[in-house]
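Visitor: After the structure tokens below, expect a handful of questions from me.
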Amino acid sequence: MLDVGKVSKKGCTAIIVDDDEDTVNLFAEFLEICDVKVLGKAFDGNQGVEMYQKIFPDLVFSDVMMPGYDGFYVLKKIRQINPHAILVMITGDVRPETIDGLKELKADAIVYKPFDMKQVIETINKLLAKSVYPTQIN
């Protein structure tokens with residue numbers, strides 16, 4: 001088993017939004033191994049936004065390119081609901097217009113496919129460390 005580390009925040013929660021069911025399940029399994037509790041899986045952007053509104057997880061992982069409601073929709077809508085939400089966008093698209101669009105909509109991080117799981121955990125830990133908005137009141 002590859003040791004990629006653990007997420008630094010205890011009880012960290014997430015949802016995953018991707019139109020590819022295998023990718024969602026594999027990514028969820030990986031996050032669970034790294035101590036992230038996956039509270040929901042959505043297979044299009046609209047489902048992802050609705051799920052976010054019900055669950056309010058610490059992290060949202062969303063694919064960018066999906067038919068219908070894509071990752072840009074997820075990013076835009078969740079930012080309207082909660083400007084402090086932590087959104088990690090996942091893409092294989094490295095075109096400047098895609099990257100610029102994600103930055104313009106204030107994606108917290110962009111993870112490129114195929115993803116390096118160790119880098120994903122490092123990214124999560126950096127984002128959680130700088131997050132000033134408590135998603136849960138202790």
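Chain labels A, B, ... are given in the sequence in which chains occur in the structure tokens; within each chain residues are numbered consecutively from 1, and ligands are likewise numbered from 1 in the order shown.
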Among chain A, which ones does DSSP place in strand (DSSP E or B), written as a PyMOL selection string?
Guide: chain A and resi 13-17+37-42+59-63+86-91+109-112
Visitor: From segment 46-134 of chain A, collect each residue whose DSSP state is alpha helix (DSSP H) and return the set as a VMD selection string.
Guide: chain A and resid 46 to 55 71 to 81 96 to 104 117 to 130
Visitor: What does the distance from atom CA of Leu128 of chain A to atom CA of Lys9 of chain A come to in Å, to one decimal?
Guide: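 Straight-line distance from atom CA of Leu128 of chain A to atom CA of Lys9 of chain A works out to 7.2 Å.
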Visitor: Please, what distance in Å, to one decimal, runs between atom CA of Met117 of chain A and atom CA of Ser62 of chain A?
Guide: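 These two atoms are separated by 15.4 Å.
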Visitor: Could you tell me which of A:Val120, A:Val17, A:Val24, A:Cys12 comes closest to Lys37 of chain A if we count only C-alpha atoms?
Guide: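 Closest to Lys37 of chain A, using only C-alpha atoms: A:Cys12.
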Visitor: Hey, what's within 12 Å of Ala109 of chain A if we count only C-alpha atoms and toss same-chain stuff fewer than 5 positions away? As a ChimeraX atom specification, please?
Guide: /A:59-63,75,85-91,99,102-103,119-128
Visitor: Output the selection as a PDB file, in the first residue's frame - N, CA and C atoms for each residue.
Guide:
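Full text of out_39.pdb as output:
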```pdb
ATOM      1  N   LEU A  59     -14.985  19.973   2.223  1.00  0.00           N
ATOM      2  CA  LEU A  59     -14.342  20.012   0.903  1.00  0.00           C
ATOM      3  C   LEU A  59     -15.299  19.559  -0.191  1.00  0.00           C
ATOM      4  N   VAL A  60     -15.154  20.176  -1.371  1.00  0.00           N
ATOM      5  CA  VAL A  60     -15.880  19.732  -2.555  1.00  0.00           C
ATOM      6  C   VAL A  60     -14.836  19.422  -3.624  1.00  0.00           C
ATOM      7  N   PHE A  61     -14.883  18.211  -4.159  1.00  0.00           N
ATOM      8  CA  PHE A  61     -14.032  17.816  -5.271  1.00  0.00           C
ATOM      9  C   PHE A  61     -14.941  17.702  -6.486  1.00  0.00           C
ATOM     10  N   SER A  62     -14.631  18.455  -7.537  1.00  0.00           N
ATOM     11  CA  SER A  62     -15.484  18.405  -8.715  1.00  0.00           C
ATOM     12  C   SER A  62     -14.669  18.305  -9.991  1.00  0.00           C
ATOM     13  N   ASP A  63     -15.111  17.391 -10.849  1.00  0.00           N
ATOM     14  CA  ASP A  63     -14.563  17.318 -12.193  1.00  0.00           C
ATOM     15  C   ASP A  63     -14.980  18.604 -12.903  1.00  0.00           C
ATOM     16  N   LEU A  75     -18.770  25.337  -9.324  1.00  0.00           N
ATOM     17  CA  LEU A  75     -17.941  26.374  -8.713  1.00  0.00           C
ATOM     18  C   LEU A  75     -18.727  27.668  -8.524  1.00  0.00           C
ATOM     19  N   ALA A  85     -16.451  28.252   0.901  1.00  0.00           N
ATOM     20  CA  ALA A  85     -16.369  26.806   0.639  1.00  0.00           C
ATOM     21  C   ALA A  85     -15.018  26.484   0.010  1.00  0.00           C
ATOM     22  N   ILE A  86     -14.486  25.302   0.325  1.00  0.00           N
ATOM     23  CA  ILE A  86     -13.217  24.866  -0.264  1.00  0.00           C
ATOM     24  C   ILE A  86     -13.540  23.963  -1.454  1.00  0.00           C
ATOM     25  N   LEU A  87     -13.200  24.463  -2.653  1.00  0.00           N
ATOM     26  CA  LEU A  87     -13.503  23.750  -3.892  1.00  0.00           C
ATOM     27  C   LEU A  87     -12.226  23.357  -4.611  1.00  0.00           C
ATOM     28  N   VAL A  88     -12.057  22.058  -4.789  1.00  0.00           N
ATOM     29  CA  VAL A  88     -10.904  21.517  -5.512  1.00  0.00           C
ATOM     30  C   VAL A  88     -11.427  20.989  -6.845  1.00  0.00           C
ATOM     31  N   MET A  89     -10.942  21.580  -7.919  1.00  0.00           N
ATOM     32  CA  MET A  89     -11.392  21.199  -9.243  1.00  0.00           C
ATOM     33  C   MET A  89     -10.431  20.185  -9.848  1.00  0.00           C
ATOM     34  N   ILE A  90     -11.001  19.164 -10.482  1.00  0.00           N
ATOM     35  CA  ILE A  90     -10.212  18.076 -11.050  1.00  0.00           C
ATOM     36  C   ILE A  90     -10.398  18.089 -12.567  1.00  0.00           C
ATOM     37  N   THR A  91      -9.289  18.103 -13.302  1.00  0.00           N
ATOM     38  CA  THR A  91      -9.401  18.174 -14.752  1.00  0.00           C
ATOM     39  C   THR A  91      -8.196  17.572 -15.459  1.00  0.00           C
ATOM     40  N   ILE A  99      -8.135  26.896 -17.432  1.00  0.00           N
ATOM     41  CA  ILE A  99      -7.430  27.234 -16.194  1.00  0.00           C
ATOM     42  C   ILE A  99      -7.779  28.659 -15.770  1.00  0.00           C
ATOM     43  N   LEU A 102     -11.260  28.781 -14.279  1.00  0.00           N
ATOM     44  CA  LEU A 102     -11.311  28.232 -12.916  1.00  0.00           C
ATOM     45  C   LEU A 102     -10.729  29.223 -11.915  1.00  0.00           C
ATOM     46  N   LYS A 103      -9.640  29.889 -12.297  1.00  0.00           N
ATOM     47  CA  LYS A 103      -9.028  30.877 -11.396  1.00  0.00           C
ATOM     48  C   LYS A 103      -9.942  32.085 -11.215  1.00  0.00           C
ATOM     49  N   GLN A 119       0.076  14.265  -3.734  1.00  0.00           N
ATOM     50  CA  GLN A 119      -0.093  15.700  -3.992  1.00  0.00           C
ATOM     51  C   GLN A 119      -1.507  16.146  -3.605  1.00  0.00           C
ATOM     52  N   VAL A 120      -2.498  15.303  -3.835  1.00  0.00           N
ATOM     53  CA  VAL A 120      -3.883  15.638  -3.464  1.00  0.00           C
ATOM     54  C   VAL A 120      -3.970  15.858  -1.955  1.00  0.00           C
ATOM     55  N   ILE A 121      -3.374  14.968  -1.173  1.00  0.00           N
ATOM     56  CA  ILE A 121      -3.403  15.093   0.292  1.00  0.00           C
ATOM     57  C   ILE A 121      -2.661  16.346   0.742  1.00  0.00           C
ATOM     58  N   GLU A 122      -1.506  16.614   0.133  1.00  0.00           N
ATOM     59  CA  GLU A 122      -0.764  17.839   0.476  1.00  0.00           C
ATOM     60  C   GLU A 122      -1.604  19.074   0.179  1.00  0.00           C
ATOM     61  N   THR A 123      -2.295  19.065  -0.955  1.00  0.00           N
ATOM     62  CA  THR A 123      -3.158  20.187  -1.329  1.00  0.00           C
ATOM     63  C   THR A 123      -4.281  20.361  -0.315  1.00  0.00           C
ATOM     64  N   ILE A 124      -4.927  19.265   0.060  1.00  0.00           N
ATOM     65  CA  ILE A 124      -6.012  19.315   1.048  1.00  0.00           C
ATOM     66  C   ILE A 124      -5.499  19.912   2.361  1.00  0.00           C
ATOM     67  N   ASN A 125      -4.372  19.432   2.832  1.00  0.00           N
ATOM     68  CA  ASN A 125      -3.828  19.917   4.103  1.00  0.00           C
ATOM     69  C   ASN A 125      -3.499  21.411   4.051  1.00  0.00           C
ATOM     70  N   LYS A 126      -2.951  21.883   2.923  1.00  0.00           N
ATOM     71  CA  LYS A 126      -2.661  23.318   2.762  1.00  0.00           C
ATOM     72  C   LYS A 126      -3.957  24.125   2.805  1.00  0.00           C
ATOM     73  N   LEU A 127      -4.973  23.654   2.097  1.00  0.00           N
ATOM     74  CA  LEU A 127      -6.248  24.377   2.052  1.00  0.00           C
ATOM     75  C   LEU A 127      -6.916  24.405   3.421  1.00  0.00           C
ATOM     76  N   LEU A 128      -6.902  23.286   4.116  1.00  0.00           N
ATOM     77  CA  LEU A 128      -7.518  23.232   5.447  1.00  0.00           C
ATOM     78  C   LEU A 128      -6.762  24.115   6.436  1.00  0.00           C
TER      79      LEU A 128
END
```
Visitor: Got a sec: who's within 12 Å of segment 41-53 of chain A, counting only C-alpha atoms, leaving out chain neighbours fewer than 3 positions off, as a VMD selection string?
Guide: chain A and resid 13 to 29 37 to 38 56 to 82 85 to 87 89
Visitor: How would the residues just chosen look if you wrote them out with C-alpha atoms as a tab-separated table (two decimals), in the first residue's frame?
Guide:
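Result written to result_38.tsv:
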```tsv
chain	number	residue	atom	x	y	z
A	13	THR	CA	-15.81	15.72	5.28
A	14	ALA	CA	-16.17	15.87	1.50
A	15	ILE	CA	-18.41	15.37	-1.49
A	16	ILE	CA	-17.24	14.27	-4.92
A	17	VAL	CA	-18.82	15.41	-8.19
A	18	ASP	CA	-17.86	13.60	-11.42
A	19	ASP	CA	-19.84	12.06	-14.27
A	20	ASP	CA	-17.60	8.96	-14.25
A	21	GLU	CA	-18.84	6.57	-11.56
A	22	ASP	CA	-15.57	4.59	-11.45
A	23	THR	CA	-13.57	7.77	-10.87
A	24	VAL	CA	-15.93	8.85	-8.09
A	25	ASN	CA	-15.74	5.48	-6.33
A	26	LEU	CA	-11.96	5.21	-6.64
A	27	PHE	CA	-11.43	8.77	-5.42
A	28	ALA	CA	-13.87	8.23	-2.53
A	29	GLU	CA	-12.02	5.08	-1.50
A	37	LYS	CA	-15.25	11.09	5.37
A	38	VAL	CA	-17.01	11.13	2.00
A	56	PHE	CA	-22.19	21.53	3.76
A	57	PRO	CA	-18.98	19.41	3.70
A	58	ASP	CA	-15.51	20.78	4.45
A	59	LEU	CA	-14.34	20.01	0.90
A	60	VAL	CA	-15.88	19.73	-2.55
A	61	PHE	CA	-14.03	17.82	-5.27
A	62	SER	CA	-15.48	18.41	-8.71
A	63	ASP	CA	-14.56	17.32	-12.19
A	64	VAL	CA	-14.54	20.24	-14.63
A	65	MET	CA	-15.74	18.62	-17.85
A	66	MET	CA	-19.14	16.98	-17.41
A	67	PRO	CA	-22.12	16.95	-19.77
A	68	GLY	CA	-24.93	19.35	-18.86
A	69	TYR	CA	-24.05	20.96	-15.56
A	70	ASP	CA	-20.25	21.08	-15.51
A	71	GLY	CA	-17.62	21.99	-12.92
A	72	PHE	CA	-17.86	25.70	-13.75
A	73	TYR	CA	-21.54	25.52	-12.76
A	74	VAL	CA	-20.59	23.77	-9.48
A	75	LEU	CA	-17.94	26.37	-8.71
A	76	LYS	CA	-20.17	29.35	-9.53
A	77	LYS	CA	-23.24	28.10	-7.63
A	78	ILE	CA	-21.41	26.92	-4.51
A	79	ARG	CA	-19.47	30.22	-4.34
A	80	GLN	CA	-22.86	32.00	-4.32
A	81	ILE	CA	-24.09	29.76	-1.49
A	82	ASN	CA	-20.86	29.94	0.54
A	85	ALA	CA	-16.37	26.81	0.64
A	86	ILE	CA	-13.22	24.87	-0.26
A	87	LEU	CA	-13.50	23.75	-3.89
A	89	MET	CA	-11.39	21.20	-9.24
```
